[in-house]
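This is work_22.csv. It holds CSV, C-alpha atoms.
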```csv
chain,number,residue,atom,x,y,z
A,224,MET,CA,-38.8,-5.8,-2.2
A,225,SER,CA,-39.2,-4.0,1.1
A,226,ASP,CA,-39.9,-0.2,1.3
A,227,GLU,CA,-36.5,0.3,2.9
A,228,ASN,CA,-34.8,-1.6,0.1
A,229,THR,CA,-36.7,0.6,-2.5
A,230,ARG,CA,-35.6,3.8,-0.7
A,231,HIS,CA,-32.0,2.4,-0.6
A,232,ARG,CA,-32.2,1.6,-4.3
A,233,GLU,CA,-33.4,5.1,-5.2
A,234,LYS,CA,-30.6,6.7,-3.1
A,235,MET,CA,-28.0,4.4,-4.7
A,236,GLN,CA,-29.3,5.2,-8.2
A,237,LYS,CA,-28.7,8.9,-7.4
A,238,ILE,CA,-25.2,8.2,-6.2
A,239,LYS,CA,-24.4,6.1,-9.3
A,240,ALA,CA,-25.8,8.8,-11.6
A,241,ALA,CA,-23.7,11.5,-10.0
A,242,ARG,CA,-20.7,9.2,-10.2
A,243,ASP,CA,-21.3,8.4,-13.8
A,244,ARG,CA,-21.6,12.1,-14.7
A,245,MET,CA,-18.3,12.7,-12.8
A,246,MET,CA,-16.5,9.9,-14.6
A,247,GLU,CA,-17.8,11.0,-18.1
A,248,GLY,CA,-15.4,14.0,-18.0
A,249,LYS,CA,-12.4,11.7,-17.2
A,250,THR,CA,-11.2,10.6,-20.5
A,251,ASP,CA,-7.5,11.1,-20.6
A,252,GLU,CA,-5.3,8.0,-20.5
A,253,LYS,CA,-1.8,8.8,-19.4
A,254,GLY,CA,1.0,7.5,-17.3
A,255,LEU,CA,1.0,9.2,-13.9
A,256,ILE,CA,3.7,10.5,-11.5
A,257,ILE,CA,2.6,9.1,-8.2
A,258,VAL,CA,4.0,9.9,-4.7
A,259,HIS,CA,3.5,8.0,-1.5
A,260,THR,CA,4.7,10.0,1.5
A,261,GLY,CA,4.0,10.7,5.1
A,262,PRO,CA,5.1,9.1,8.4
A,263,GLY,CA,2.6,6.2,8.3
A,264,LYS,CA,3.0,2.6,7.0
A,265,GLY,CA,2.1,1.5,3.5
A,266,LYS,CA,4.1,3.8,1.3
A,267,SER,CA,6.3,1.0,-0.1
A,268,SER,CA,3.9,-1.8,0.4
A,269,SER,CA,1.2,0.0,-1.7
A,270,GLY,CA,3.9,0.5,-4.3
A,271,PHE,CA,4.5,-3.2,-4.4
A,272,GLY,CA,0.7,-3.9,-4.5
A,273,MET,CA,0.5,-1.6,-7.6
A,274,LEU,CA,3.4,-3.6,-9.0
A,275,CYS,CA,1.3,-6.8,-8.6
A,276,ARG,CA,-1.5,-5.0,-10.6
A,277,ALA,CA,1.0,-4.0,-13.3
A,278,ILE,CA,2.2,-7.6,-13.6
A,279,ALA,CA,-1.4,-8.8,-13.6
A,280,HIS,CA,-2.0,-6.5,-16.6
A,281,ASP,CA,1.1,-7.8,-18.4
A,282,MET,CA,2.7,-4.3,-18.1
A,283,PRO,CA,6.5,-4.7,-18.0
A,284,ALA,CA,7.8,-3.1,-14.8
A,285,ALA,CA,10.9,-2.1,-13.0
A,286,VAL,CA,11.9,-1.3,-9.4
A,287,VAL,CA,14.8,0.7,-8.0
A,288,GLN,CA,15.3,0.3,-4.3
A,289,PHE,CA,17.2,3.4,-3.1
A,290,ILE,CA,17.3,2.3,0.5
A,291,LYS,CA,17.5,-1.4,1.2
A,292,GLY,CA,18.5,-2.0,4.8
A,293,ALA,CA,17.7,-5.2,6.6
A,294,TRP,CA,14.0,-4.6,5.8
A,295,GLY,CA,12.8,-4.9,2.2
A,296,THR,CA,14.4,-8.2,1.2
A,297,GLY,CA,10.9,-9.8,1.4
A,298,GLU,CA,9.6,-7.9,-1.5
A,299,ARG,CA,12.7,-8.4,-3.6
A,300,ASP,CA,12.7,-12.2,-3.0
A,301,PHE,CA,9.1,-12.4,-3.9
A,302,PHE,CA,9.3,-10.6,-7.2
A,303,THR,CA,12.7,-11.7,-8.3
A,304,THR,CA,11.8,-15.4,-7.6
A,305,HIS,CA,8.5,-15.4,-9.3
A,306,PHE,CA,8.5,-12.6,-11.9
A,307,ALA,CA,12.0,-12.3,-13.1
A,308,ASP,CA,10.8,-12.1,-16.7
A,309,GLN,CA,8.4,-9.2,-16.1
A,310,VAL,CA,10.2,-7.1,-13.5
A,311,THR,CA,13.6,-5.6,-13.7
A,312,TRP,CA,15.0,-5.2,-10.2
A,313,VAL,CA,17.8,-2.8,-9.0
A,314,THR,CA,18.9,-2.4,-5.5
A,315,SER,CA,21.1,0.7,-5.2
A,316,GLY,CA,21.0,1.4,-1.5
A,317,GLU,CA,23.2,-0.5,0.9
A,318,GLY,CA,21.2,0.3,4.0
A,319,PHE,CA,19.6,3.1,6.0
A,320,THR,CA,21.9,6.1,6.4
A,321,TRP,CA,22.2,5.4,10.2
A,322,GLU,CA,23.3,1.9,9.4
A,323,THR,CA,26.0,2.7,6.8
A,324,GLN,CA,27.3,5.9,8.5
A,325,ASP,CA,29.2,6.8,5.4
A,326,LYS,CA,27.7,9.7,3.5
A,327,GLU,CA,30.1,9.5,0.5
A,328,ARG,CA,29.1,5.9,-0.1
A,329,ASP,CA,25.4,6.7,0.3
A,330,ILE,CA,25.6,9.5,-2.2
A,331,ALA,CA,27.4,7.3,-4.7
A,332,ALA,CA,24.7,4.6,-4.2
A,333,ALA,CA,21.9,7.1,-4.7
A,334,GLN,CA,23.5,8.5,-7.9
A,335,ALA,CA,24.0,5.0,-9.3
A,336,GLY,CA,20.4,4.2,-8.6
A,337,TRP,CA,19.2,7.4,-10.3
A,338,THR,CA,21.3,6.7,-13.4
A,339,LYS,CA,19.7,3.3,-13.6
A,340,ALA,CA,16.2,4.7,-12.9
A,341,ARG,CA,16.5,7.2,-15.8
A,342,GLU,CA,17.5,4.4,-18.1
A,343,LEU,CA,14.5,2.2,-17.0
A,344,ILE,CA,12.0,5.1,-17.2
A,345,ARG,CA,13.3,6.2,-20.7
A,346,ASP,CA,12.8,2.6,-22.0
A,347,PRO,CA,9.2,2.8,-23.3
A,348,ALA,CA,8.9,-1.0,-22.9
A,349,ASN,CA,8.5,-0.4,-19.1
A,350,ARG,CA,5.0,0.8,-18.3
A,351,PHE,CA,5.4,0.9,-14.5
A,352,VAL,CA,8.5,2.0,-12.6
A,353,LEU,CA,8.7,2.1,-8.8
A,354,LEU,CA,11.4,4.3,-7.2
A,355,ASP,CA,11.2,2.9,-3.7
A,356,GLU,CA,12.4,5.2,-0.9
A,357,ILE,CA,13.8,7.7,-3.4
A,358,ASN,CA,12.4,10.5,-1.1
A,359,ILE,CA,15.0,9.7,1.5
A,360,ALA,CA,17.8,10.2,-1.0
A,361,LEU,CA,16.1,13.5,-2.1
A,362,ARG,CA,15.6,14.7,1.4
A,363,TYR,CA,19.3,14.4,2.2
A,364,ASP,CA,20.2,16.0,-1.2
A,365,TYR,CA,22.0,12.9,-2.3
A,366,LEU,CA,20.0,13.5,-5.5
A,367,ASP,CA,19.1,16.9,-6.9
A,368,ILE,CA,15.4,17.5,-6.7
A,369,ASP,CA,15.3,19.9,-9.7
A,370,GLU,CA,17.0,17.3,-11.9
A,371,VAL,CA,14.7,14.5,-10.8
A,372,VAL,CA,11.5,16.6,-11.3
A,373,ASP,CA,12.7,18.0,-14.6
A,374,PHE,CA,13.5,14.5,-15.9
A,375,LEU,CA,10.1,13.2,-14.9
A,376,LEU,CA,8.2,16.1,-16.5
A,377,THR,CA,10.2,16.1,-19.8
A,378,GLU,CA,11.5,12.6,-20.4
A,379,LYS,CA,9.0,10.2,-18.9
A,380,PRO,CA,7.2,8.4,-21.7
A,381,ASP,CA,3.5,9.4,-21.8
A,382,MET,CA,2.1,6.0,-20.9
A,383,THR,CA,4.5,5.1,-18.1
A,384,HIS,CA,3.5,5.3,-14.5
A,385,VAL,CA,6.3,6.2,-12.1
A,386,VAL,CA,5.7,5.8,-8.3
A,387,LEU,CA,8.1,7.5,-5.9
A,388,THR,CA,7.9,6.5,-2.2
A,389,GLY,CA,9.4,7.6,1.1
A,390,ARG,CA,8.6,10.1,3.9
A,391,ASN,CA,9.2,13.8,3.6
A,392,ALA,CA,8.6,14.2,-0.1
A,393,LYS,CA,9.9,17.5,-1.3
A,394,GLU,CA,7.4,20.2,-2.2
A,395,GLU,CA,8.8,20.4,-5.8
A,396,LEU,CA,8.0,16.7,-6.3
A,397,ILE,CA,4.5,17.1,-4.8
A,398,GLU,CA,3.9,20.0,-7.2
A,399,ALA,CA,5.0,18.0,-10.2
A,400,ALA,CA,3.1,14.8,-9.3
A,401,ASP,CA,-0.4,13.8,-10.6
A,402,LEU,CA,-1.3,11.8,-7.5
A,403,VAL,CA,0.0,12.2,-4.0
A,404,THR,CA,-1.0,10.2,-1.0
A,405,THR,CA,0.1,10.9,2.5
A,406,MET,CA,0.2,8.0,4.9
A,407,GLU,CA,-0.5,9.2,8.5
A,408,ALA,CA,0.4,7.0,11.5
A,409,THR,CA,-2.9,7.1,13.4
A,410,LYS,CA,-1.7,4.4,15.7
A,411,HIS,CA,1.6,2.5,15.8
A,412,PRO,CA,2.4,-0.6,17.8
A,413,PHE,CA,6.0,0.5,18.6
A,414,ARG,CA,4.3,2.8,21.2
A,415,ASP,CA,3.2,-0.4,23.0
A,416,GLY,CA,6.4,-2.3,23.1
A,417,ILE,CA,5.8,-4.5,20.1
A,418,LYS,CA,8.7,-5.1,17.7
A,419,ALA,CA,8.7,-5.2,13.9
A,420,GLN,CA,6.8,-8.2,12.7
A,421,LYS,CA,7.6,-10.6,9.9
A,422,GLY,CA,5.1,-10.2,7.1
A,423,VAL,CA,4.1,-6.7,8.2
A,424,GLU,CA,7.3,-4.7,8.5
A,425,PHE,CA,9.7,-6.7,6.4
B,81,MET,CA,37.4,10.6,4.9
B,82,SER,CA,36.3,14.3,4.7
B,83,ASP,CA,35.4,16.4,7.8
B,84,GLU,CA,31.9,16.6,6.6
B,85,ASN,CA,31.7,12.9,6.2
B,86,THR,CA,33.1,12.4,9.8
B,87,ARG,CA,30.5,14.8,11.2
B,88,HIS,CA,27.8,12.9,9.2
B,89,ARG,CA,29.1,9.6,10.6
B,90,GLU,CA,29.0,10.9,14.2
B,91,LYS,CA,25.4,12.2,13.7
B,92,MET,CA,24.3,8.9,12.2
B,93,GLN,CA,25.9,6.9,15.0
B,94,LYS,CA,23.9,8.9,17.5
B,95,ILE,CA,20.7,8.2,15.6
B,96,LYS,CA,21.5,4.5,15.3
B,97,ALA,CA,22.2,4.3,19.1
B,98,ALA,CA,18.9,6.0,19.9
B,99,ARG,CA,17.1,3.7,17.5
B,100,ASP,CA,18.8,0.6,18.9
B,101,ARG,CA,17.8,1.7,22.5
B,102,MET,CA,14.2,2.2,21.3
B,103,MET,CA,14.1,-1.2,19.6
B,104,GLU,CA,15.5,-3.0,22.7
B,105,GLY,CA,12.3,-2.6,24.5
B,106,LYS,CA,10.3,-4.0,21.5
B,107,THR,CA,10.4,-7.7,22.2
B,108,ASP,CA,6.9,-9.0,21.8
B,109,GLU,CA,6.1,-11.1,18.8
B,110,LYS,CA,2.5,-11.1,18.1
B,111,GLY,CA,0.0,-11.1,15.3
B,112,LEU,CA,-1.4,-7.6,14.8
B,113,ILE,CA,-4.8,-6.1,14.0
B,114,ILE,CA,-4.0,-3.6,11.3
B,115,VAL,CA,-6.3,-1.0,9.8
B,116,HIS,CA,-5.8,1.0,6.6
B,117,THR,CA,-8.4,3.8,6.3
B,118,GLY,CA,-8.8,7.3,5.0
B,119,PRO,CA,-9.9,8.9,1.7
B,120,GLY,CA,-6.5,8.5,0.0
B,121,LYS,CA,-5.2,5.7,-2.3
B,122,GLY,CA,-3.2,2.7,-1.1
B,123,LYS,CA,-5.4,1.1,1.5
B,124,SER,CA,-6.0,-2.0,-0.5
B,125,SER,CA,-2.8,-2.0,-2.5
B,126,SER,CA,-0.7,-1.8,0.6
B,127,GLY,CA,-2.7,-4.8,2.0
B,128,PHE,CA,-1.8,-6.7,-1.2
B,129,GLY,CA,1.8,-5.6,-0.9
B,130,MET,CA,1.8,-7.1,2.7
B,131,LEU,CA,0.3,-10.2,1.2
B,132,CYS,CA,3.3,-10.5,-1.1
B,133,ARG,CA,5.5,-10.2,2.0
B,134,ALA,CA,3.6,-13.0,3.8
B,135,ILE,CA,3.9,-15.2,0.7
B,136,ALA,CA,7.6,-14.4,0.5
B,137,HIS,CA,7.9,-15.6,4.2
B,138,ASP,CA,6.0,-18.8,3.4
B,139,MET,CA,3.2,-17.7,5.7
B,140,PRO,CA,-0.1,-19.2,4.5
B,141,ALA,CA,-2.6,-16.4,3.8
B,142,ALA,CA,-6.2,-15.6,3.0
B,143,VAL,CA,-8.1,-12.8,1.4
B,144,VAL,CA,-11.8,-11.9,1.7
B,145,GLN,CA,-12.9,-9.2,-0.7
B,146,PHE,CA,-16.0,-7.6,0.7
B,147,ILE,CA,-16.5,-5.2,-2.2
B,148,LYS,CA,-15.4,-6.4,-5.6
B,149,GLY,CA,-16.9,-4.1,-8.2
B,150,ALA,CA,-15.3,-3.8,-11.6
B,151,TRP,CA,-12.1,-2.7,-9.9
B,152,GLY,CA,-10.2,-5.3,-7.9
B,153,THR,CA,-10.0,-8.1,-10.4
B,154,GLY,CA,-6.4,-7.4,-11.1
B,155,GLU,CA,-5.3,-8.4,-7.7
B,156,ARG,CA,-7.4,-11.5,-7.7
B,157,ASP,CA,-6.1,-12.7,-11.0
B,158,PHE,CA,-2.5,-12.1,-9.9
B,159,PHE,CA,-2.7,-14.1,-6.7
B,160,THR,CA,-5.1,-16.8,-7.8
B,161,THR,CA,-3.1,-17.5,-10.9
B,162,HIS,CA,0.3,-17.6,-9.3
B,163,PHE,CA,-0.2,-18.5,-5.7
B,164,ALA,CA,-3.3,-20.7,-5.5
B,165,ASP,CA,-1.4,-23.0,-3.1
B,166,GLN,CA,-0.5,-20.3,-0.6
B,167,VAL,CA,-3.5,-18.0,-0.7
B,168,THR,CA,-7.1,-18.8,-0.1
B,169,TRP,CA,-9.3,-16.3,-1.9
B,170,VAL,CA,-12.9,-15.4,-1.3
B,171,THR,CA,-14.9,-12.7,-3.1
B,172,SER,CA,-18.1,-12.0,-1.2
B,173,GLY,CA,-19.1,-8.6,-2.6
B,174,GLU,CA,-20.8,-8.4,-5.9
B,175,GLY,CA,-19.9,-4.7,-6.5
B,176,PHE,CA,-20.1,-1.3,-5.0
B,177,THR,CA,-23.4,-0.6,-3.3
B,178,TRP,CA,-24.2,2.1,-5.9
B,179,GLU,CA,-23.7,-0.6,-8.6
B,180,THR,CA,-25.9,-3.3,-7.1
B,181,GLN,CA,-28.5,-1.0,-5.7
B,182,ASP,CA,-29.9,-3.9,-3.7
B,183,LYS,CA,-29.4,-3.5,0.0
B,184,GLU,CA,-30.7,-6.9,0.9
B,185,ARG,CA,-28.3,-8.7,-1.5
B,186,ASP,CA,-25.4,-6.5,-0.2
B,187,ILE,CA,-26.2,-7.5,3.4
B,188,ALA,CA,-26.4,-11.1,2.5
B,189,ALA,CA,-23.0,-10.9,0.7
B,190,ALA,CA,-21.3,-9.1,3.6
B,191,GLN,CA,-22.6,-11.6,6.1
B,192,ALA,CA,-21.4,-14.5,3.9
B,193,GLY,CA,-18.0,-12.9,3.7
B,194,TRP,CA,-17.8,-12.4,7.4
B,195,THR,CA,-18.8,-16.1,8.1
B,196,LYS,CA,-16.0,-17.1,5.7
B,197,ALA,CA,-13.6,-14.6,7.3
B,198,ARG,CA,-14.1,-16.0,10.8
B,199,GLU,CA,-13.4,-19.5,9.6
B,200,LEU,CA,-10.2,-18.4,7.8
B,201,ILE,CA,-9.0,-16.4,10.8
B,202,ARG,CA,-9.8,-19.2,13.3
B,203,ASP,CA,-7.7,-21.6,11.3
B,204,PRO,CA,-4.3,-21.2,12.9
B,205,ALA,CA,-2.7,-22.4,9.6
B,206,ASN,CA,-3.4,-19.0,8.2
B,207,ARG,CA,-0.9,-16.4,9.4
B,208,PHE,CA,-2.1,-13.4,7.4
B,209,VAL,CA,-5.7,-12.6,6.6
B,210,LEU,CA,-6.7,-9.5,4.5
B,211,LEU,CA,-10.3,-8.4,4.9
B,212,ASP,CA,-10.4,-6.0,1.9
B,213,GLU,CA,-12.9,-3.2,2.1
B,214,ILE,CA,-14.6,-4.6,5.1
B,215,ASN,CA,-14.9,-1.1,6.5
B,216,ILE,CA,-17.5,-0.3,3.8
B,217,ALA,CA,-19.7,-3.1,5.0
B,218,LEU,CA,-19.2,-2.0,8.6
B,219,ARG,CA,-20.0,1.6,7.8
B,220,TYR,CA,-23.3,0.7,6.3
B,221,ASP,CA,-24.0,-1.6,9.3
B,222,TYR,CA,-24.2,-4.6,7.0
B,223,LEU,CA,-21.9,-6.2,9.6
B,224,ASP,CA,-22.1,-5.5,13.4
B,225,ILE,CA,-19.1,-3.6,14.5
B,226,ASP,CA,-19.2,-5.0,18.1
B,227,GLU,CA,-19.3,-8.5,16.8
B,228,VAL,CA,-16.4,-8.0,14.5
B,229,VAL,CA,-14.2,-6.3,17.2
B,230,ASP,CA,-15.1,-8.8,19.8
B,231,PHE,CA,-14.2,-11.7,17.5
B,232,LEU,CA,-10.9,-10.1,16.6
B,233,LEU,CA,-10.0,-9.5,20.2
B,234,THR,CA,-11.0,-12.9,21.6
B,235,GLU,CA,-10.7,-15.4,18.8
B,236,LYS,CA,-7.9,-14.3,16.5
B,237,PRO,CA,-4.9,-16.7,17.1
B,238,ASP,CA,-2.0,-14.9,18.7
B,239,MET,CA,0.3,-15.2,15.7
B,240,THR,CA,-2.1,-14.2,13.0
B,241,HIS,CA,-2.0,-10.8,11.4
B,242,VAL,CA,-5.4,-9.5,10.2
B,243,VAL,CA,-5.5,-6.4,7.9
B,244,LEU,CA,-8.8,-4.6,7.6
B,245,THR,CA,-9.1,-1.9,4.8
B,246,GLY,CA,-11.6,0.7,3.6
B,247,ARG,CA,-12.4,4.3,4.2
B,248,ASN,CA,-14.3,5.5,7.3
B,249,ALA,CA,-13.1,2.9,9.7
B,250,LYS,CA,-15.3,2.9,12.8
B,251,GLU,CA,-13.9,4.3,16.0
B,252,GLU,CA,-14.4,0.9,17.8
B,253,LEU,CA,-12.2,-0.8,15.3
B,254,ILE,CA,-9.5,1.9,15.5
B,255,GLU,CA,-9.6,1.5,19.3
B,256,ALA,CA,-9.1,-2.3,19.1
B,257,ALA,CA,-6.4,-2.2,16.4
B,258,ASP,CA,-2.7,-2.4,17.1
B,259,LEU,CA,-1.7,-0.4,13.9
B,260,VAL,CA,-3.8,2.1,12.1
B,261,THR,CA,-2.7,4.1,9.0
B,262,THR,CA,-4.8,6.8,7.5
B,263,MET,CA,-4.3,7.5,3.8
B,264,GLU,CA,-4.9,11.1,3.0
B,265,ALA,CA,-5.5,12.3,-0.6
B,266,THR,CA,-3.0,15.1,-0.8
B,267,LYS,CA,-3.5,15.4,-4.6
B,268,HIS,CA,-5.8,13.3,-6.8
B,269,PRO,CA,-5.8,13.2,-10.7
B,270,PHE,CA,-9.6,13.0,-10.9
B,271,ARG,CA,-9.5,16.7,-10.2
B,272,ASP,CA,-7.6,17.3,-13.5
B,273,GLY,CA,-9.9,15.3,-15.7
B,274,ILE,CA,-7.8,12.1,-15.8
B,275,LYS,CA,-9.7,8.8,-15.7
B,276,ALA,CA,-8.8,5.7,-13.6
B,277,GLN,CA,-5.7,4.1,-15.0
B,278,LYS,CA,-4.9,0.4,-15.6
B,279,GLY,CA,-2.2,-0.7,-13.2
B,280,VAL,CA,-2.9,2.1,-10.8
B,281,GLU,CA,-6.6,2.1,-10.0
B,282,PHE,CA,-7.5,-1.5,-11.0
```
Encoded form using structure tokens:
Amino acid sequence: MSDENTRHREKMQKIKAARDRMMEGKTDEKGLIIVHTGPGKGKSSSGFGMLCRAIAHDMPAAVVQFIKGAWGTGERDFFTTHFADQVTWVTSGEGFTWETQDKERDIAAAQAGWTKARELIRDPANRFVLLDEINIALRYDYLDIDEVVDFLLTEKPDMTHVVLTGRNAKEELIEAADLVTTMEATKHPFRDGIKAQKGVEF
Amino acid sequence: MSDENTRHREKMQKIKAARDRMMEGKTDEKGLIIVHTGPGKGKSSSGFGMLCRAIAHDMPAAVVQFIKGAWGTGERDFFTTHFADQVTWVTSGEGFTWETQDKERDIAAAQAGWTKARELIRDPANRFVLLDEINIALRYDYLDIDEVVDFLLTEKPDMTHVVLTGRNAKEELIEAADLVTTMEATKHPFRDGIKAQKGVEF
């Protein structure tokens, strides 16, 4: 082994030892409240990637799509076609608010989605529940933030992960969450005249 | 319809009109160079979510995992079990560098992964290629950043999307990319003594 490789090994052994020490203190197993927010891409798609992981681990899962729109049918088709036995799928939103242009209908849809979401989360058979784009409904006060946070903190079964996505997550939700990731748009192709792409945006 | 709902509709019509005007200029269809970077969660999982979308659209896809480690087997099992016909899967990394502690072996693995990645990207049958955690290999100079960027800009077929993930993306890659998202860790449960969770972290 070369000298450089020996030095590299020593450095990596130190990193591994520090990492092992750090991980030793991490012993709690619990279901997490997870938020994906921010203006960048990847909030929903990482939720769906986590859903793949849950399915891979045979964890029964559920999805409530609060905002459907023209985009988002790709994921639904994928999971409802291939994994109907493992994933319960609910689409409550009928489109983006600027598509429907009917606030009363949007509120009714959001409330119906939340009623269904509570039922799915309360059912301890479900170990992973994705509330896709619920932050949009919360932002417009179509759902009451205090009610949602209170429910998650008091009624979510201990071992269930709940993932809440959408930009502009409310501060109360960020406070209550165990894990919050903010997706920042460092560079976006719309700036360069490129339209939404199949397999990327929808 | 209530007055409030009428005002809401007018406001949403304006937003929709502005959005439609913005989208009119977006006519190019092309395969994108996409980067997911930053210290937060969701870089790989959103790549795998996009892979679901690609499969849903019957776009043949490929994955090269540059860093496997103990984490990351969930995704591989999921896709190789259910979608072997649609996804080509290559695992080149044998673990995190602080696990293997052998730089020469890590470099050889990264180079082998890159050779395979070029072949998969060049094949125009593949419409979506995920280079998972390649940024780690680039950061340690196990792969040459200029070679990777030059290849992507000159040899990637026009209609193929390539997604490159991993923290610390090099500036040259960010420059070359069409779409860059930075995942920021707004809140992380490791701070509170909670260990990595099945279905979330792996």
Straight-line distance linking CA of Phe231 (chain B) with CA of Glu255 (chain B), stated in Å to one decimal
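The value is 14.1 Å.
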Neighbouring residues of Lys236 (chain B) were defined as those with any atom within 9 Å, considering only C-alpha atoms; residues of the same chain fewer than 3 positions away were excluded. Please report them as JSON, numbers by chain.
{"B": [111, 198, 201, 202, 203, 204, 231, 232, 233, 239, 240, 241, 242]}
What does the distance between CA of Trp337 (chain A) and CA of Pro283 (chain A) come to in Å, to one decimal place?
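So the two atoms, CA of Trp337 (chain A) and CA of Pro283 (chain A), lie 19.2 Å apart.
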Listing only residues of region 148-244 of chain B within 12 Å of region 303-312 of chain A, what is the closest atom pair and its distance in Å (to one decimal) for each, using only C-alpha atoms, sorted by chain and residue number ascending, as a tab-separated table?
```
residue	atom	partner	partner_atom	distance
B:Phe158	CA	A:Phe306	CA	11.2
B:Phe159	CA	A:His305	CA	11.6
B:Thr161	CA	A:His305	CA	11.9
B:His162	CA	A:His305	CA	8.5
B:Phe163	CA	A:His305	CA	9.9
```
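Each of B:Val144, B:Ile214, B:Val209, B:Ala192 was compared to chain A using all atoms listed in the file, and B:Val209 turns out to be the nearest.
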Straight-line distance linking CA of Leu387 (chain A) with CA of Glu298 (chain A), stated in Å to one decimal
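CA of Leu387 (chain A) sits 16.1 Å away from CA of Glu298 (chain A).
Each of B:Ile113, B:Cys132, B:Ala217, B:Leu253 was compared to chain A using all atoms listed in the file, and B:Cys132 turns out to be the nearest.
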Just checking: using all atoms listed in the file, which residue out of A:Glu394, A:Asp243, A:Glu252, A:Asp226 ends up closest to chain B?
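The answer is A:Glu252, which sits nearest to chain B.
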Using all atoms listed in the file, pick whichever of B:Ala249, B:Met92, B:Leu112, B:Ile135 has the shortest atom-to-atom distance to Asp325 (chain A).
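Going through B:Ala249, B:Met92, B:Leu112, B:Ile135 one by one, the smallest distance to Asp325 (chain A) is for B:Met92.
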Between A:Thr409, A:Gln288, A:Thr260, A:Ser315, smallest distance to chain B by all atoms listed in the file belongs to A:Thr409
Nearest to Ala142 (chain B): which of B:His116, B:His88, B:Lys196, B:Lys267 is it, counting only C-alpha atoms?
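Going through B:His116, B:His88, B:Lys196, B:Lys267 one by one, the smallest distance to Ala142 (chain B) is for B:Lys196.
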